[in-house]
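Listing of final23.cif; format and content: mmCIF, N, CA and C atoms.
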```
data_protein
loop_
_atom_site.label_atom_id
_atom_site.label_comp_id
_atom_site.auth_asym_id
_atom_site.auth_seq_id
_atom_site.Cartn_x
_atom_site.Cartn_y
_atom_site.Cartn_z
N ASP A 1 0.84 -1.20 0.00
CA ASP A 1 0.00 0.00 0.00
C ASP A 1 0.87 1.25 0.00
N LYS A 2 0.51 2.17 -0.89
CA LYS A 2 1.22 3.44 -0.91
C LYS A 2 0.60 4.36 0.15
N PRO A 3 1.43 5.15 0.81
CA PRO A 3 0.86 6.10 1.78
C PRO A 3 0.06 7.17 1.04
N LYS A 4 -1.02 7.59 1.67
CA LYS A 4 -1.86 8.61 1.04
C LYS A 4 -1.15 9.96 1.14
N VAL A 5 -1.19 10.69 0.04
CA VAL A 5 -0.59 12.01 0.03
C VAL A 5 -1.59 12.97 0.64
N SER A 6 -1.13 13.75 1.61
CA SER A 6 -2.05 14.64 2.31
C SER A 6 -2.20 15.98 1.62
N HIS A 7 -1.51 16.17 0.51
CA HIS A 7 -1.59 17.44 -0.20
C HIS A 7 -2.77 17.41 -1.16
N LYS A 8 -3.93 17.77 -0.64
CA LYS A 8 -5.12 17.81 -1.48
C LYS A 8 -5.05 19.02 -2.38
N LYS A 9 -5.38 18.83 -3.64
CA LYS A 9 -5.39 19.94 -4.58
C LYS A 9 -6.83 20.36 -4.82
N ASP A 10 -7.10 21.64 -4.60
CA ASP A 10 -8.43 22.17 -4.88
C ASP A 10 -8.56 22.48 -6.37
N ASP A 11 -9.80 22.48 -6.83
CA ASP A 11 -10.06 22.85 -8.22
C ASP A 11 -10.07 24.37 -8.31
N LEU A 12 -8.91 24.93 -8.57
CA LEU A 12 -8.74 26.38 -8.57
C LEU A 12 -9.50 27.05 -9.71
N THR A 13 -10.03 26.27 -10.67
CA THR A 13 -10.79 26.87 -11.76
C THR A 13 -12.14 27.41 -11.27
N LYS A 14 -12.50 27.14 -10.01
CA LYS A 14 -13.73 27.71 -9.46
C LYS A 14 -13.56 29.21 -9.21
N ILE A 15 -12.31 29.68 -9.29
CA ILE A 15 -12.02 31.10 -9.11
C ILE A 15 -12.15 31.80 -10.46
N GLU A 16 -12.91 32.88 -10.49
CA GLU A 16 -13.10 33.66 -11.72
C GLU A 16 -11.75 34.13 -12.23
N GLY A 17 -11.46 33.82 -13.51
CA GLY A 17 -10.19 34.23 -14.12
C GLY A 17 -9.17 33.11 -14.21
N ILE A 18 -9.43 31.98 -13.56
CA ILE A 18 -8.50 30.85 -13.59
C ILE A 18 -9.09 29.74 -14.44
N GLY A 19 -8.34 29.35 -15.48
CA GLY A 19 -8.75 28.23 -16.32
C GLY A 19 -7.83 27.05 -16.06
N PRO A 20 -8.03 25.96 -16.80
CA PRO A 20 -7.23 24.75 -16.59
C PRO A 20 -5.72 24.97 -16.69
N LYS A 21 -5.27 25.76 -17.65
CA LYS A 21 -3.82 25.98 -17.82
C LYS A 21 -3.25 26.76 -16.64
N ILE A 22 -3.95 27.81 -16.22
CA ILE A 22 -3.47 28.61 -15.10
C ILE A 22 -3.49 27.78 -13.82
N LYS A 23 -4.49 26.92 -13.67
CA LYS A 23 -4.54 26.03 -12.52
C LYS A 23 -3.26 25.19 -12.47
N GLU A 24 -2.85 24.65 -13.60
CA GLU A 24 -1.62 23.85 -13.67
C GLU A 24 -0.39 24.68 -13.30
N ILE A 25 -0.35 25.94 -13.77
CA ILE A 25 0.77 26.84 -13.45
C ILE A 25 0.83 27.08 -11.95
N LEU A 26 -0.32 27.33 -11.35
CA LEU A 26 -0.36 27.58 -9.91
C LEU A 26 0.06 26.34 -9.14
N TRP A 27 -0.45 25.17 -9.54
CA TRP A 27 -0.07 23.92 -8.89
C TRP A 27 1.44 23.72 -8.98
N ALA A 28 1.99 23.95 -10.17
CA ALA A 28 3.44 23.77 -10.37
C ALA A 28 4.22 24.76 -9.50
N GLY A 29 3.61 25.91 -9.22
CA GLY A 29 4.25 26.92 -8.38
C GLY A 29 4.03 26.70 -6.90
N GLY A 30 3.39 25.59 -6.54
CA GLY A 30 3.19 25.25 -5.13
C GLY A 30 1.91 25.79 -4.53
N ILE A 31 1.04 26.37 -5.36
CA ILE A 31 -0.25 26.86 -4.87
C ILE A 31 -1.29 25.82 -5.26
N ASN A 32 -1.62 24.95 -4.30
CA ASN A 32 -2.49 23.80 -4.58
C ASN A 32 -3.89 23.93 -4.02
N SER A 33 -4.08 24.83 -3.07
CA SER A 33 -5.37 24.90 -2.40
C SER A 33 -5.90 26.33 -2.39
N PHE A 34 -7.18 26.44 -2.10
CA PHE A 34 -7.79 27.76 -1.98
C PHE A 34 -7.09 28.55 -0.86
N GLY A 35 -6.75 27.84 0.23
CA GLY A 35 -6.09 28.50 1.35
C GLY A 35 -4.73 29.07 0.96
N GLN A 36 -3.97 28.30 0.18
CA GLN A 36 -2.66 28.79 -0.27
C GLN A 36 -2.83 29.97 -1.23
N LEU A 37 -3.83 29.90 -2.08
CA LEU A 37 -4.06 30.99 -3.02
C LEU A 37 -4.54 32.24 -2.26
N ALA A 38 -5.36 32.04 -1.24
CA ALA A 38 -5.85 33.16 -0.44
C ALA A 38 -4.70 33.88 0.26
N ALA A 39 -3.67 33.11 0.65
CA ALA A 39 -2.53 33.68 1.38
C ALA A 39 -1.47 34.26 0.44
N ALA A 40 -1.58 33.98 -0.85
CA ALA A 40 -0.57 34.42 -1.81
C ALA A 40 -0.73 35.89 -2.14
N LYS A 41 0.37 36.55 -2.35
CA LYS A 41 0.35 37.95 -2.77
C LYS A 41 0.11 38.01 -4.28
N PRO A 42 -0.75 38.92 -4.74
CA PRO A 42 -1.00 39.02 -6.19
C PRO A 42 0.29 39.17 -7.00
N GLU A 43 1.29 39.88 -6.45
CA GLU A 43 2.56 40.05 -7.17
C GLU A 43 3.25 38.70 -7.40
N ALA A 44 3.18 37.82 -6.40
CA ALA A 44 3.82 36.50 -6.51
C ALA A 44 3.07 35.65 -7.54
N ILE A 45 1.75 35.75 -7.54
CA ILE A 45 0.95 35.02 -8.52
C ILE A 45 1.28 35.54 -9.93
N LYS A 46 1.37 36.86 -10.05
CA LYS A 46 1.67 37.49 -11.35
C LYS A 46 3.02 37.00 -11.86
N LYS A 47 4.00 36.84 -10.96
CA LYS A 47 5.32 36.37 -11.38
C LYS A 47 5.22 34.94 -11.93
N LEU A 48 4.43 34.08 -11.30
CA LEU A 48 4.23 32.72 -11.81
C LEU A 48 3.64 32.77 -13.22
N LEU A 49 2.67 33.66 -13.42
CA LEU A 49 2.03 33.79 -14.74
C LEU A 49 3.02 34.33 -15.76
N ASP A 50 3.78 35.37 -15.37
CA ASP A 50 4.76 35.96 -16.29
C ASP A 50 5.81 34.94 -16.69
N ASP A 51 6.25 34.14 -15.70
CA ASP A 51 7.28 33.12 -15.96
C ASP A 51 6.76 32.02 -16.88
N ALA A 52 5.43 31.85 -16.93
CA ALA A 52 4.82 30.78 -17.74
C ALA A 52 4.78 31.14 -19.22
N GLY A 53 5.01 32.40 -19.53
CA GLY A 53 5.04 32.79 -20.94
C GLY A 53 4.14 33.96 -21.25
N PRO A 54 4.34 34.52 -22.43
CA PRO A 54 3.62 35.75 -22.81
C PRO A 54 2.10 35.64 -22.86
N ARG A 55 1.58 34.47 -23.14
CA ARG A 55 0.11 34.37 -23.25
C ARG A 55 -0.59 34.47 -21.90
N PHE A 56 0.19 34.43 -20.80
CA PHE A 56 -0.42 34.53 -19.46
C PHE A 56 -0.23 35.90 -18.83
N LYS A 57 0.53 36.78 -19.50
CA LYS A 57 0.82 38.10 -18.95
C LYS A 57 -0.42 38.98 -18.81
N MET A 58 -1.42 38.75 -19.65
CA MET A 58 -2.63 39.58 -19.64
C MET A 58 -3.54 39.33 -18.45
N HIS A 59 -3.35 38.22 -17.75
CA HIS A 59 -4.23 37.87 -16.64
C HIS A 59 -3.90 38.70 -15.40
N ASP A 60 -4.96 39.14 -14.74
CA ASP A 60 -4.81 39.95 -13.54
C ASP A 60 -5.28 39.15 -12.32
N PRO A 61 -4.34 38.70 -11.48
CA PRO A 61 -4.71 37.88 -10.33
C PRO A 61 -5.13 38.67 -9.10
N GLY A 62 -5.37 39.97 -9.27
CA GLY A 62 -5.65 40.84 -8.13
C GLY A 62 -6.78 40.38 -7.22
N SER A 63 -7.84 39.79 -7.79
CA SER A 63 -9.00 39.38 -6.98
C SER A 63 -8.91 37.92 -6.53
N TRP A 64 -7.94 37.18 -7.04
CA TRP A 64 -7.89 35.74 -6.75
C TRP A 64 -7.74 35.41 -5.27
N PRO A 65 -6.86 36.10 -4.53
CA PRO A 65 -6.77 35.78 -3.09
C PRO A 65 -8.09 36.03 -2.35
N ARG A 66 -8.78 37.13 -2.69
CA ARG A 66 -10.05 37.44 -2.03
C ARG A 66 -11.09 36.37 -2.36
N GLN A 67 -11.16 35.98 -3.62
CA GLN A 67 -12.10 34.93 -4.01
C GLN A 67 -11.76 33.63 -3.30
N SER A 68 -10.47 33.32 -3.22
CA SER A 68 -10.02 32.07 -2.61
C SER A 68 -10.33 32.03 -1.12
N GLN A 69 -10.27 33.20 -0.47
CA GLN A 69 -10.60 33.24 0.96
C GLN A 69 -12.05 32.87 1.16
N LEU A 70 -12.92 33.36 0.30
CA LEU A 70 -14.34 33.00 0.40
C LEU A 70 -14.52 31.49 0.18
N ALA A 71 -13.79 30.94 -0.80
CA ALA A 71 -13.87 29.49 -1.06
C ALA A 71 -13.36 28.71 0.15
N THR A 72 -12.25 29.18 0.73
CA THR A 72 -11.67 28.52 1.91
C THR A 72 -12.67 28.50 3.05
N ASP A 73 -13.40 29.60 3.20
CA ASP A 73 -14.37 29.73 4.29
C ASP A 73 -15.70 29.05 3.97
N GLY A 74 -15.82 28.48 2.75
CA GLY A 74 -17.05 27.81 2.36
C GLY A 74 -18.18 28.77 2.06
N LYS A 75 -17.83 30.03 1.78
CA LYS A 75 -18.84 31.05 1.50
C LYS A 75 -19.12 31.11 0.00
N TRP A 76 -19.73 30.05 -0.51
CA TRP A 76 -19.92 29.91 -1.95
C TRP A 76 -20.92 30.92 -2.50
N LYS A 77 -21.96 31.26 -1.72
CA LYS A 77 -22.94 32.26 -2.18
C LYS A 77 -22.28 33.63 -2.32
N GLU A 78 -21.45 34.00 -1.32
CA GLU A 78 -20.75 35.28 -1.39
C GLU A 78 -19.76 35.28 -2.55
N LEU A 79 -19.12 34.14 -2.77
CA LEU A 79 -18.16 34.03 -3.89
C LEU A 79 -18.89 34.22 -5.21
N GLU A 80 -20.05 33.59 -5.33
CA GLU A 80 -20.84 33.71 -6.56
C GLU A 80 -21.24 35.17 -6.80
N LYS A 81 -21.65 35.85 -5.73
CA LYS A 81 -22.04 37.26 -5.84
C LYS A 81 -20.85 38.11 -6.27
N LEU A 82 -19.69 37.87 -5.66
CA LEU A 82 -18.48 38.61 -6.03
C LEU A 82 -18.13 38.35 -7.49
N GLN A 83 -18.21 37.10 -7.92
CA GLN A 83 -17.87 36.76 -9.28
C GLN A 83 -18.82 37.40 -10.29
N ASP A 84 -20.08 37.59 -9.89
CA ASP A 84 -21.03 38.29 -10.76
C ASP A 84 -20.59 39.73 -10.99
N GLU A 85 -19.92 40.30 -9.99
CA GLU A 85 -19.45 41.69 -10.08
C GLU A 85 -18.14 41.79 -10.86
N LEU A 86 -17.41 40.69 -10.92
CA LEU A 86 -16.11 40.68 -11.59
C LEU A 86 -16.29 40.43 -13.08
N ASP A 87 -15.31 40.82 -13.84
CA ASP A 87 -15.32 40.54 -15.27
C ASP A 87 -14.00 39.90 -15.65
N GLY A 88 -13.99 38.61 -15.82
CA GLY A 88 -12.77 37.90 -16.19
C GLY A 88 -11.74 37.86 -15.08
N GLY A 89 -12.17 37.96 -13.83
CA GLY A 89 -11.24 37.83 -12.71
C GLY A 89 -10.59 39.13 -12.28
N LYS A 90 -11.02 40.25 -12.85
CA LYS A 90 -10.40 41.53 -12.49
C LYS A 90 -11.15 42.23 -11.40
#
```
Rewrite the structure from the file as structure tokens, please.
Amino acid sequence: DKPKVSHKKDDLTKIEGIGPKIKEILWAGGINSFGQLAAAKPEAIKKLLDDAGPRFKMHDPGSWPRQSQLATDGKWKELEKLQDELDGGK
């Protein structure tokens, strides 16, 4: 039996502005959960995106930590309301 890995990865695509490719970039950068994303500085997230190549430079992660905090807290209704106000994660 293999030991279970305790590093659960959240589906970060639930955050407005994050798609499957960006989710992979964040995971590769060590941001695997909503809690980790909530604690991350937007500048650090932006650096991960910039390092991933020019097609990711246009993304603005400014609201991602705030959205992730709501997800971490299980406040899905509030997250949905916030996402309705956002446009493409900005």
Report task. Expand the PyMOL selection byres (((chain A and resi 30-33 and name CA) around 10) and name CA) into the individual residues it matches in the shown file, reporting them as a PyMOL selection string. Result -> chain A and resi 7-12+23-29+34-40+45+68+71-72
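Atom N of Ala44 (chain A) sits 19.9 Å away from CA of Lys14 (chain A).
Atom N of Lys46 (chain A) is positioned 21.5 Å from atom N of Leu82 (chain A).
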Query - Who sits within 12 Å of Glu85 (chain A), only C-alpha atoms, same chain under 5 positions skipped, as a VMD selection string - result: chain A and resid 16 63 67 78 to 80 90
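Between atom C of Glu43 (chain A) and atom C of Asp84 (chain A) the separation is 24.1 Å.
Between Gly17 (chain A) and the residues A:Lys47, A:Lys77, A:His59, A:Arg66, the shortest atom-to-atom distance, using all atoms listed in the file, involves A:His59.
Of the listed residues A:Trp64, A:Gln69, A:Lys57, A:Lys81, the one whose atoms come nearest to Ile18 (chain A) is A:Trp64, with distances taken using all atoms listed in the file.
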